file structure.txt (compact mmCIF, C-alpha atoms and all ligand atoms)
# COMPACT_ATOMS: atom_id res chain seq x y z
CA MET A 6 78.54 185.40 7.63
CA GLU A 7 76.58 185.88 10.85
CA ASN A 8 74.39 188.58 9.20
CA GLU A 9 73.84 186.39 6.17
CA ARG A 10 72.66 183.64 8.53
CA GLN A 11 70.28 185.90 10.40
CA ASN A 12 68.86 187.50 7.25
CA ARG A 13 67.84 184.31 5.47
CA GLY A 14 64.06 183.91 5.70
CA LYS A 15 63.21 182.34 9.04
CA ASP A 16 60.59 180.03 7.57
CA GLU A 17 62.64 178.96 4.55
CA PRO A 18 64.14 175.51 5.15
CA VAL A 19 67.94 175.39 5.06
CA ILE A 20 67.60 171.96 3.41
CA LYS A 21 64.62 171.26 1.14
CA ILE A 22 64.31 167.86 -0.54
CA ARG A 23 61.53 167.17 -3.03
CA ASP A 24 60.51 163.97 -4.85
CA LEU A 25 64.02 162.53 -4.70
CA TYR A 26 64.85 159.27 -6.47
CA LYS A 27 68.17 157.46 -6.68
CA SER A 28 69.01 154.00 -8.03
CA PHE A 29 72.23 152.13 -8.61
CA GLY A 30 71.47 149.86 -11.57
CA SER A 31 68.44 147.83 -10.58
CA ASN A 32 68.89 148.73 -6.88
CA ARG A 33 66.23 151.38 -6.24
CA VAL A 34 67.60 153.04 -3.10
CA LEU A 35 65.65 156.30 -2.63
CA LYS A 36 62.04 156.59 -3.78
CA ASP A 37 60.08 159.78 -3.49
CA VAL A 38 62.01 161.23 -0.55
CA ASN A 39 60.80 164.57 0.80
CA LEU A 40 62.29 166.42 3.78
CA ASP A 41 62.64 169.94 5.18
CA VAL A 42 65.23 170.95 7.74
CA TYR A 43 64.76 174.33 9.35
CA LYS A 44 67.30 176.68 10.87
CA GLY A 45 68.61 175.55 14.24
CA GLU A 46 67.03 172.09 14.04
CA ASN A 47 68.57 168.69 14.59
CA VAL A 48 66.75 166.24 12.32
CA VAL A 49 67.51 162.57 12.79
CA VAL A 50 67.14 160.21 9.83
CA LEU A 51 66.58 156.73 11.19
CA GLY A 52 66.66 153.54 9.20
CA ARG A 53 68.04 150.06 8.93
CA SER A 54 71.42 149.37 7.42
CA GLY A 55 71.39 149.72 3.63
CA THR A 56 68.20 151.83 3.43
CA GLY A 57 69.98 154.74 1.77
CA LYS A 58 70.80 157.06 4.67
CA SER A 59 74.39 157.66 3.56
CA VAL A 60 73.32 158.04 -0.06
CA LEU A 61 70.86 160.73 1.05
CA ILE A 62 73.45 162.85 2.85
CA LYS A 63 75.96 162.38 0.04
CA ILE A 64 73.37 163.81 -2.37
CA ILE A 65 72.79 166.74 0.02
CA ALA A 66 76.54 167.44 0.08
CA GLY A 67 76.77 167.12 -3.73
CA LEU A 68 78.99 164.03 -3.53
CA LEU A 69 76.40 161.98 -5.45
CA THR A 70 73.77 163.10 -7.97
CA GLN A 71 70.12 162.06 -7.82
CA ASP A 72 68.25 160.53 -10.77
CA SER A 73 65.33 162.92 -10.30
CA GLY A 74 63.87 165.35 -7.80
CA SER A 75 65.54 168.34 -6.18
CA VAL A 76 67.74 169.14 -3.22
CA CYS A 77 68.07 172.78 -2.18
CA VAL A 78 70.68 173.62 0.43
CA LEU A 79 70.91 177.17 1.79
CA GLY A 80 68.78 178.29 -1.15
CA GLU A 81 70.96 176.62 -3.81
CA ASP A 82 69.75 173.78 -6.05
CA VAL A 83 72.73 171.46 -5.47
CA SER A 84 72.56 169.55 -8.78
CA LYS A 85 72.63 172.82 -10.75
CA LEU A 86 75.83 174.17 -9.21
CA ASP A 87 79.09 174.20 -11.15
CA ASP A 88 82.25 172.84 -9.48
CA LYS A 89 83.29 176.21 -8.03
CA GLU A 90 79.83 176.92 -6.60
CA LEU A 91 79.66 173.41 -5.18
CA LEU A 92 82.99 173.89 -3.41
CA GLU A 93 81.74 177.17 -1.95
CA LEU A 94 78.55 175.49 -0.71
CA ARG A 95 80.51 172.58 0.78
CA LEU A 96 82.50 175.04 2.90
CA LYS A 97 79.21 175.81 4.67
CA ILE A 98 78.52 172.12 5.33
CA GLY A 99 80.37 170.17 8.01
CA PHE A 100 80.49 166.48 7.18
CA SER A 101 81.21 164.18 10.13
CA PHE A 102 82.14 160.84 8.56
CA GLN A 103 81.61 157.45 10.17
CA ASN A 104 85.36 156.78 10.39
CA SER A 105 86.29 160.32 11.57
CA ALA A 106 88.66 160.60 8.56
CA LEU A 107 91.60 162.12 10.45
CA TYR A 108 95.05 162.16 8.85
CA ASP A 109 97.08 159.64 10.84
CA SER A 110 100.43 161.25 10.08
CA MET A 111 99.35 164.65 11.40
CA THR A 112 98.99 165.84 14.99
CA VAL A 113 95.58 166.98 16.26
CA ARG A 114 96.66 170.60 15.71
CA GLU A 115 97.74 169.91 12.12
CA ASN A 116 94.52 167.99 11.41
CA LEU A 117 92.48 170.96 12.63
CA GLU A 118 94.57 173.55 10.79
CA PHE A 119 94.36 171.68 7.51
CA PRO A 120 90.90 172.89 6.34
CA LEU A 121 91.78 176.48 7.32
CA VAL A 122 95.16 176.55 5.62
CA ARG A 123 93.65 175.06 2.47
CA ASN A 124 90.47 177.15 2.29
CA LYS A 125 91.23 180.42 4.08
CA LYS A 126 94.69 181.33 2.87
CA HIS A 127 94.51 184.93 4.08
CA LEU A 128 94.38 183.97 7.77
CA LYS A 129 97.27 184.98 10.04
CA ARG A 130 99.01 182.55 12.40
CA LYS A 131 97.32 184.13 15.40
CA GLU A 132 93.86 183.69 13.88
CA ILE A 133 94.55 180.05 13.00
CA ASP A 134 95.76 179.36 16.56
CA ALA A 135 92.64 181.03 17.99
CA SER A 136 90.34 178.95 15.75
CA VAL A 137 92.08 175.71 16.69
CA GLU A 138 91.81 176.56 20.37
CA ARG A 139 88.14 177.50 20.02
CA VAL A 140 87.04 174.24 18.40
CA LEU A 141 89.22 172.06 20.61
CA THR A 142 87.75 173.70 23.69
CA ALA A 143 84.25 173.29 22.22
CA VAL A 144 84.74 169.52 21.98
CA GLY A 145 86.46 169.37 25.39
CA LEU A 146 89.85 168.15 24.13
CA ALA A 147 92.21 171.12 24.48
CA GLN A 148 94.81 168.86 26.12
CA THR A 149 95.21 166.66 23.04
CA ILE A 150 96.51 169.40 20.73
CA ASN A 151 99.96 167.85 20.18
CA GLN A 152 98.87 164.20 20.15
CA MET A 153 98.67 161.91 17.15
CA PRO A 154 95.27 160.37 16.20
CA SER A 155 96.64 156.91 17.04
CA GLU A 156 97.04 158.05 20.66
CA LEU A 157 93.33 158.94 20.98
CA SER A 158 90.36 156.79 21.89
CA GLY A 159 87.58 156.17 19.32
CA GLY A 160 85.36 158.72 21.06
CA GLN A 161 88.15 161.31 21.14
CA ARG A 162 88.86 160.78 17.43
CA LYS A 163 85.19 161.27 16.73
CA ARG A 164 85.21 164.54 18.70
CA ILE A 165 88.35 165.77 16.89
CA GLY A 166 86.65 164.89 13.57
CA ILE A 167 83.69 167.05 14.62
CA ALA A 168 86.07 169.85 15.72
CA ARG A 169 87.73 169.73 12.31
CA THR A 170 84.42 170.28 10.56
CA LEU A 171 83.52 173.09 12.99
CA ILE A 172 86.68 175.03 12.25
CA LEU A 173 85.18 176.37 9.01
CA ASN A 174 82.14 177.59 10.95
CA PRO A 175 79.58 175.57 8.95
CA GLU A 176 75.90 176.46 8.83
CA ILE A 177 74.90 172.82 8.40
CA MET A 178 76.26 169.68 10.02
CA LEU A 179 75.76 166.22 8.52
CA TYR A 180 76.56 163.45 10.98
CA ASP A 181 76.92 159.94 9.53
CA GLU A 182 76.37 157.36 12.31
CA PRO A 183 78.02 159.54 14.99
CA THR A 184 77.80 156.89 17.73
CA ALA A 185 78.68 153.79 15.69
CA GLY A 186 81.17 151.53 17.43
CA LEU A 187 81.30 153.58 20.64
CA ASP A 188 80.55 152.37 24.18
CA PRO A 189 77.35 153.64 25.88
CA ILE A 190 79.06 156.33 28.00
CA THR A 191 80.97 157.69 25.00
CA CYS A 192 77.70 157.65 23.02
CA ILE A 193 76.15 159.91 25.65
CA GLU A 194 79.14 162.28 25.39
CA ILE A 195 78.78 162.44 21.60
CA ASN A 196 75.02 163.03 21.85
CA ASN A 197 75.64 165.88 24.30
CA LEU A 198 78.30 167.30 21.98
CA ILE A 199 75.91 167.23 19.00
CA ASN A 200 73.38 169.21 21.06
CA ARG A 201 76.06 171.68 22.25
CA VAL A 202 77.28 172.22 18.69
CA LYS A 203 73.75 173.21 17.69
CA GLU A 204 73.59 175.82 20.48
CA ASP A 205 77.17 177.13 20.36
CA PHE A 206 77.68 177.18 16.58
CA ASN A 207 74.09 177.92 15.56
CA THR A 208 73.99 174.99 13.14
CA SER A 209 71.18 172.99 11.55
CA SER A 210 71.91 169.28 11.35
CA ILE A 211 70.98 165.97 9.86
CA ILE A 212 72.05 163.04 12.00
CA ILE A 213 71.80 159.65 10.34
CA THR A 214 71.76 156.69 12.65
CA HIS A 215 70.06 153.49 13.67
CA ASP A 216 70.89 154.23 17.33
CA LEU A 217 67.57 155.03 19.02
CA THR A 218 69.23 156.50 22.10
CA CYS A 219 71.09 158.93 19.87
CA ALA A 220 67.86 159.74 17.99
CA LYS A 221 65.97 160.43 21.19
CA ALA A 222 68.77 162.52 22.72
CA THR A 223 69.59 164.67 19.70
CA GLY A 224 66.55 164.79 17.41
CA ASP A 225 64.23 167.78 17.55
CA ARG A 226 62.53 165.84 14.79
CA VAL A 227 62.93 162.26 13.64
CA ALA A 228 62.25 160.92 10.14
CA MET A 229 61.98 157.18 9.66
CA LEU A 230 63.37 155.90 6.35
CA LEU A 231 61.77 152.60 5.37
CA GLU A 232 62.24 150.90 2.02
CA GLY A 233 63.71 154.04 0.51
CA THR A 234 61.05 156.52 1.58
CA PHE A 235 60.09 158.41 4.74
CA ALA A 236 57.36 156.38 6.40
CA LYS A 237 56.86 158.70 9.39
CA GLU A 238 58.16 162.00 10.70
CA GLY A 239 57.70 163.84 14.01
CA THR A 240 59.11 163.87 17.51
CA PHE A 241 60.72 160.64 18.66
CA ASP A 242 57.59 159.70 20.62
CA GLU A 243 55.26 160.57 17.74
CA VAL A 244 57.23 158.40 15.32
CA PHE A 245 57.25 155.38 17.59
CA ASP A 246 53.65 155.74 18.72
CA SER A 247 52.77 153.82 15.58
CA ASN A 248 50.81 150.79 14.50
CA ASP A 249 53.10 150.27 11.49
CA GLY A 250 54.61 146.83 12.09
CA ARG A 251 57.86 147.86 10.38
CA ILE A 252 58.33 150.79 12.78
CA LYS A 253 57.45 148.65 15.80
CA SER A 254 59.92 145.99 14.77
CA PHE A 255 62.66 148.60 14.16
CA TYR A 256 62.06 149.88 17.71
CA ASN A 257 62.09 146.43 19.27
CA TYR A 258 65.30 145.38 17.52
CA ASN A 259 67.20 148.60 18.19
CA PHE A 260 66.10 149.90 21.58
CA ILE A 261 68.48 147.97 23.75
CA LYS A 262 69.60 150.62 26.25
N1 LIG B 301 78.38 154.32 -4.99
C1 LIG B 301 77.51 153.29 -4.95
N2 LIG B 301 77.40 152.43 -5.98
C2 LIG B 301 76.51 151.42 -5.97
N3 LIG B 301 75.67 151.17 -4.93
C3 LIG B 301 75.74 151.99 -3.87
C4 LIG B 301 76.67 153.10 -3.83
N4 LIG B 301 76.50 153.74 -2.64
C5 LIG B 301 75.52 153.06 -1.97
N5 LIG B 301 75.07 152.02 -2.71
C6 LIG B 301 73.99 151.11 -2.34
O1 LIG B 301 72.91 151.88 -1.84
C7 LIG B 301 72.25 151.21 -0.77
C8 LIG B 301 72.15 152.14 0.41
O2 LIG B 301 73.46 152.38 0.93
P1 LIG B 301 73.74 153.38 2.13
O3 LIG B 301 75.21 153.39 2.36
O4 LIG B 301 73.10 154.69 1.86
O5 LIG B 301 72.98 152.68 3.34
P2 LIG B 301 72.83 153.16 4.84
O6 LIG B 301 71.37 153.27 5.12
O7 LIG B 301 73.64 154.39 5.08
O8 LIG B 301 73.43 151.90 5.61
P3 LIG B 301 74.44 151.83 6.86
O9 LIG B 301 73.62 152.15 8.07
O10 LIG B 301 74.86 150.38 6.84
O11 LIG B 301 75.58 152.77 6.62
C9 LIG B 301 73.03 149.93 -0.52
O12 LIG B 301 72.36 148.88 -1.15
C10 LIG B 301 74.37 150.20 -1.17
O13 LIG B 301 74.95 149.00 -1.64
call {"tool": "encode", "arguments": {"input": "structure.txt", "output": "structure tokens"}}
result
Amino acid sequence: MENERQNRGKDEPVIKIRDLYKSFGSNRVLKDVNLDVYKGENVVVLGRSGTGKSVLIKIIAGLLTQDSGSVCVLGEDVSKLDDKELLELRLKIGFSFQNSALYDSMTVRENLEFPLVRNKKHLKRKEIDASVERVLTAVGLAQTINQMPSELSGGQRKRIGIARTLILNPEIMLYDEPTAGLDPITCIEINNLINRVKEDFNTSSIIITHDLTCAKATGDRVAMLLEGTFAKEGTFDEVFDSNDGRIKSFYNYNFIK
């Protein structure tokens, strides 16, 4: 897998979105969305609640289908894949959900083993144990291995959720509101973890958020989604050095730290 990663054209985006539209009935959510994410980049998608950020990453992961336009992920046109091909692609995408999505009746170890046991049936016990240890150490929670999710804090659950997606060694990480509902110190820990994941696991990521501190800390590039389309894209400072009243007001309402 490592060779495959290194051999893919350096300048070819790992995610390429062109002219994307998506409506639900009369609700036109995404309108002419275009975005490139390159290897090793963290791209933050910023936008107000209900602007279509989650819809966008669900389309990228093949969980929703667009009305028109194209989404290419790791060279594959997602909407053209059959079920088997889609499953294979999804194994290369780590999806960190807003609610962490841990199984409450399983220990941390069992939660982490689950994707491996289900998707990599040939692995030996020793290899599974090594993978669990590796991702738990990566998120700084080796001591929680035998705990139940209910015994963890919100920030710890979030980190275990990230560890569970890392266990399949994804090439792409999609983070849906990674800091939502967390206190400021825990937010900083999650931001640092997102940056460490990029370095240690060689991932490319989309981070969707309305948390400007998170955007500034994690985004190599920031794309501002306004009224269903990207209004501005660049570094954090470039995006907010803007005369667009909508961008200014987003900044003023959200930059509270
Ligand atoms: N499966 C669906 N069926 C119908 N409408 C949907 C569906 N999923 C999303 N929507 C609508 O699409 C719009 C965008 O939703 P989305 O969840 O992408 O917003 P968001 O930007 O991620 O907001 P938040 O920050 O609150 O999570 C909303 O109006 C929502 O009601």
call {"tool": "atom_distance", "arguments": {"input": "structure.txt", "atom1": "atom CA of A:Ile133", "atom2": "atom CA of A:Leu121"}}
result
7.3 Å
call {"tool": "closest_residue", "arguments": {"input": "structure.txt", "among": "A:Asn32, A:Thr234, A:Thr208, A:Ser254", "to": "A:Ile177", "atoms": "only C-alpha atoms"}}
result
A:Thr208
call {"tool": "residues_near_point", "arguments": {"input": "structure.txt", "point": "(94.9, 181.7, 16.1)", "cutoff": "12 Å", "atoms": "all atoms listed in the file", "output": "ChimeraX atom specification"}}
result
/A:114,117-118,121-122,128-140,172
call {"tool": "write_last_selection", "arguments": {"input": "structure.txt", "atoms": "C-alpha atoms", "output": "compact mmCIF listing (two decimals), keeping the file's coordinate frame"}}
result
# COMPACT_ATOMS: atom_id res chain seq x y z
CA ARG A 114 96.66 170.60 15.71
CA LEU A 117 92.48 170.96 12.63
CA GLU A 118 94.57 173.55 10.79
CA LEU A 121 91.78 176.48 7.32
CA VAL A 122 95.16 176.55 5.62
CA LEU A 128 94.38 183.97 7.77
CA LYS A 129 97.27 184.98 10.04
CA ARG A 130 99.01 182.55 12.40
CA LYS A 131 97.32 184.13 15.40
CA GLU A 132 93.86 183.69 13.88
CA ILE A 133 94.55 180.05 13.00
CA ASP A 134 95.76 179.36 16.56
CA ALA A 135 92.64 181.03 17.99
CA SER A 136 90.34 178.95 15.75
CA VAL A 137 92.08 175.71 16.69
CA GLU A 138 91.81 176.56 20.37
CA ARG A 139 88.14 177.50 20.02
CA VAL A 140 87.04 174.24 18.40
CA ILE A 172 86.68 175.03 12.25
call {"tool": "closest_residue", "arguments": {"input": "structure.txt", "among": "A:Val244, A:Ile65, A:Ile211, A:Met111", "to": "A:Asn47", "atoms": "all atoms listed in the file"}}
result
A:Ile211
call {"tool": "residues_near_ligand", "arguments": {"input": "structure.txt", "ligand": "ligand LIG 301 (chain B)", "cutoff": "7 Å", "atoms": "only C-alpha atoms and all ligand atoms", "output": "list of chain:residue names"}}
result
A:Phe29, A:Asn32, A:Val34, A:Gly52, A:Arg53, A:Ser54, A:Gly55, A:Thr56, A:Gly57, A:Lys58, A:Ser59, A:Val60, A:Leu61, A:Thr214, A:His215
call {"tool": "write_last_selection", "arguments": {"input": "structure.txt", "atoms": "C-alpha atoms", "output": "PDB file, in the frame of the given file"}}
result
ATOM      1  CA  PHE A  29      72.230 152.130  -8.610  1.00  0.00           C
ATOM      2  CA  ASN A  32      68.890 148.730  -6.880  1.00  0.00           C
ATOM      3  CA  VAL A  34      67.600 153.040  -3.100  1.00  0.00           C
ATOM      4  CA  GLY A  52      66.660 153.540   9.200  1.00  0.00           C
ATOM      5  CA  ARG A  53      68.040 150.060   8.930  1.00  0.00           C
ATOM      6  CA  SER A  54      71.420 149.370   7.420  1.00  0.00           C
ATOM      7  CA  GLY A  55      71.390 149.720   3.630  1.00  0.00           C
ATOM      8  CA  THR A  56      68.200 151.830   3.430  1.00  0.00           C
ATOM      9  CA  GLY A  57      69.980 154.740   1.770  1.00  0.00           C
ATOM     10  CA  LYS A  58      70.800 157.060   4.670  1.00  0.00           C
ATOM     11  CA  SER A  59      74.390 157.660   3.560  1.00  0.00           C
ATOM     12  CA  VAL A  60      73.320 158.040  -0.060  1.00  0.00           C
ATOM     13  CA  LEU A  61      70.860 160.730   1.050  1.00  0.00           C
ATOM     14  CA  THR A 214      71.760 156.690  12.650  1.00  0.00           C
ATOM     15  CA  HIS A 215      70.060 153.490  13.670  1.00  0.00           C
TER      16      HIS A 215
END
call {"tool": "residues_around", "arguments": {"input": "structure.txt", "residues": "A:Glu238", "least_positions_apart": "2", "cutoff": "8 Å", "atoms": "all atoms listed in the file", "output": "VMD selection string"}}
result
chain A and resid 226 to 229 235 to 236 240 243 to 244
call {"tool": "closest_residue", "arguments": {"input": "structure.txt", "among": "A:Lys203, A:Arg169, A:Lys221, A:Arg33", "to": "A:Ala106", "atoms": "all atoms listed in the file"}}
result
A:Arg169
call {"tool": "closest_residue", "arguments": {"input": "structure.txt", "among": "A:Ser158, A:Glu182, A:Thr170, A:Ala143", "to": "A:Leu198", "atoms": "all atoms listed in the file"}}
result
A:Ala143
call {"tool": "residues_around", "arguments": {"input": "structure.txt", "residues": "A:Leu179", "least_positions_apart": "2", "cutoff": "8 Å", "atoms": "only C-alpha atoms", "output": "list in words"}}
result
Ile62, Ile98, Gly99, Phe100, Ser101, Ile177, Asp181, Ser210, Ile211, Ile212 and Ile213 of chain A
call {"tool": "atom_distance", "arguments": {"input": "structure.txt", "atom1": "atom CA of A:Cys219", "atom2": "atom CA of A:Asp242"}}
result
13.5 Å
call {"tool": "atom_distance", "arguments": {"input": "structure.txt", "atom1": "atom CA of A:Gly45", "atom2": "atom CA of A:Leu171"}}
result
15.2 Å
call {"tool": "closest_residue", "arguments": {"input": "structure.txt", "among": "A:Ser73, A:Asn151, A:Thr218, A:Ser247", "to": "A:Glu115", "atoms": "only C-alpha atoms"}}
result
A:Asn151
call {"tool": "axis_aligned_box", "arguments": {"input": "structure.txt", "around": "stretch 222-235 of chain A", "padding_each_side": "8 Å", "output": "lines of an AutoDock Vina configuration file"}}
result
center_x = 64.8
center_y = 159.3
center_z = 11.6
size_x = 25.5
size_y = 32.9
size_z = 38.2
call {"tool": "closest_residue", "arguments": {"input": "structure.txt", "among": "A:Leu96, A:Gly239, A:Gly186, A:Thr70", "to": "A:Arg123", "atoms": "all atoms listed in the file"}}
result
A:Leu96
call {"tool": "residues_near_point", "arguments": {"input": "structure.txt", "point": "(72.3, 174.9, -7.1)", "cutoff": "12 Å", "atoms": "all atoms listed in the file", "output": "list in words"}}
result
Ile20, Lys21, Ile65, Ala66, Gly67, Thr70, Ser75, Val76, Cys77, Val78, Leu79, Gly80, Glu81, Asp82, Val83, Ser84, Lys85, Leu86, Asp87, Asp88, Lys89, Glu90, Leu91, Leu92, Glu93, Leu94 and Arg95 of chain A
call {"tool": "residues_around", "arguments": {"input": "structure.txt", "residues": "A:Arg23", "least_positions_apart": "2", "cutoff": "6 Å", "atoms": "all atoms listed in the file", "output": "ChimeraX atom specification"}}
result
/A:25,39,74-75
call {"tool": "write_last_selection", "arguments": {"input": "structure.txt", "atoms": "C-alpha atoms", "output": "mmCIF file, in the coordinates of the input"}}
result
data_model
loop_
_atom_site.group_PDB
_atom_site.id
_atom_site.type_symbol
_atom_site.label_atom_id
_atom_site.label_comp_id
_atom_site.auth_asym_id
_atom_site.auth_seq_id
_atom_site.Cartn_x
_atom_site.Cartn_y
_atom_site.Cartn_z
ATOM 1 C CA LEU A 25 64.020 162.530 -4.700
ATOM 2 C CA ASN A 39 60.800 164.570 0.800
ATOM 3 C CA GLY A 74 63.870 165.350 -7.800
ATOM 4 C CA SER A 75 65.540 168.340 -6.180
#
call {"tool": "residues_around", "arguments": {"input": "structure.txt", "residues": "A:Leu146", "least_positions_apart": "3", "cutoff": "9 Å", "atoms": "all atoms listed in the file", "output": "list in words"}}
result
Val140, Leu141, Thr142, Ala143, Thr149, Ile150, Gln161, Arg164 and Ile165 of chain A
call {"tool": "residues_around", "arguments": {"input": "structure.txt", "residues": "stretch 189-196 of chain A", "least_positions_apart": "3", "cutoff": "10 Å", "atoms": "only C-alpha atoms", "output": "MDAnalysis selection string"}}
result
chainID A and resid 144 158:161 163:164 167 183:186 199:202 216 218:224 262
call {"tool": "decode", "arguments": {"input": "structure.txt", "residues": "stretch 87-111 of chain A", "atoms": "N, CA and C atoms", "output": "CSV table (one decimal), in the first residue's frame"}}
result
chain,number,residue,atom,x,y,z
A,87,ASP,N,-19.3,0.2,-8.6
A,87,ASP,CA,-20.3,-0.7,-8.1
A,87,ASP,C,-20.1,-1.0,-6.6
A,88,ASP,N,-21.0,-1.7,-6.0
A,88,ASP,CA,-21.0,-1.8,-4.5
A,88,ASP,C,-19.6,-2.4,-4.0
A,89,LYS,N,-19.1,-3.4,-4.7
A,89,LYS,CA,-17.8,-4.0,-4.2
A,89,LYS,C,-16.7,-3.0,-4.3
A,90,GLU,N,-16.6,-2.2,-5.4
A,90,GLU,CA,-15.6,-1.2,-5.6
A,90,GLU,C,-15.7,-0.1,-4.6
A,91,LEU,N,-17.0,0.2,-4.3
A,91,LEU,CA,-17.2,1.3,-3.3
A,91,LEU,C,-16.7,0.9,-1.9
A,92,LEU,N,-17.0,-0.4,-1.6
A,92,LEU,CA,-16.5,-0.9,-0.3
A,92,LEU,C,-15.0,-0.9,-0.2
A,93,GLU,N,-14.4,-1.2,-1.3
A,93,GLU,CA,-12.9,-1.2,-1.4
A,93,GLU,C,-12.4,0.2,-1.2
A,94,LEU,N,-13.0,1.2,-1.9
A,94,LEU,CA,-12.6,2.6,-1.7
A,94,LEU,C,-12.8,3.0,-0.3
A,95,ARG,N,-13.9,2.7,0.3
A,95,ARG,CA,-14.2,3.2,1.6
A,95,ARG,C,-13.2,2.7,2.7
A,96,LEU,N,-12.6,1.5,2.4
A,96,LEU,CA,-11.5,1.0,3.3
A,96,LEU,C,-10.3,2.0,3.3
A,97,LYS,N,-10.2,2.8,2.3
A,97,LYS,CA,-9.1,3.7,2.2
A,97,LYS,C,-9.4,5.1,2.8
A,98,ILE,N,-10.7,5.2,3.2
A,98,ILE,CA,-11.2,6.5,3.8
A,98,ILE,C,-11.6,6.3,5.2
A,99,GLY,N,-11.0,7.1,6.1
A,99,GLY,CA,-11.4,7.1,7.5
A,99,GLY,C,-12.4,8.2,7.7
A,100,PHE,N,-13.5,7.8,8.3
A,100,PHE,CA,-14.6,8.7,8.5
A,100,PHE,C,-14.8,9.0,10.0
A,101,SER,N,-14.4,10.1,10.5
A,101,SER,CA,-14.6,10.4,11.9
A,101,SER,C,-15.9,11.2,12.1
A,102,PHE,N,-16.9,10.5,12.6
A,102,PHE,CA,-18.3,11.0,12.7
A,102,PHE,C,-18.4,12.0,13.9
A,103,GLN,N,-19.4,12.9,13.8
A,103,GLN,CA,-19.6,13.8,14.9
A,103,GLN,C,-19.8,13.2,16.2
A,104,ASN,N,-20.5,12.0,16.3
A,104,ASN,CA,-20.8,11.4,17.5
A,104,ASN,C,-19.9,10.3,17.9
A,105,SER,N,-18.8,10.2,17.2
A,105,SER,CA,-17.7,9.2,17.5
A,105,SER,C,-18.2,7.8,17.1
A,106,ALA,N,-19.5,7.5,17.2
A,106,ALA,CA,-20.0,6.2,16.7
A,106,ALA,C,-19.3,4.9,17.3
A,107,LEU,N,-19.0,5.0,18.6
A,107,LEU,CA,-18.4,3.8,19.2
A,107,LEU,C,-19.5,2.8,19.6
A,108,TYR,N,-19.2,1.5,19.6
A,108,TYR,CA,-20.2,0.6,20.1
A,108,TYR,C,-20.1,0.5,21.7
A,109,ASP,N,-21.3,0.9,22.3
A,109,ASP,CA,-21.3,1.1,23.7
A,109,ASP,C,-21.1,-0.2,24.5
A,110,SER,N,-21.5,-1.4,23.9
A,110,SER,CA,-21.4,-2.6,24.6
A,110,SER,C,-20.0,-3.3,24.4
A,111,MET,N,-19.1,-2.6,23.7
A,111,MET,CA,-17.8,-3.2,23.5
A,111,MET,C,-16.7,-2.4,24.2
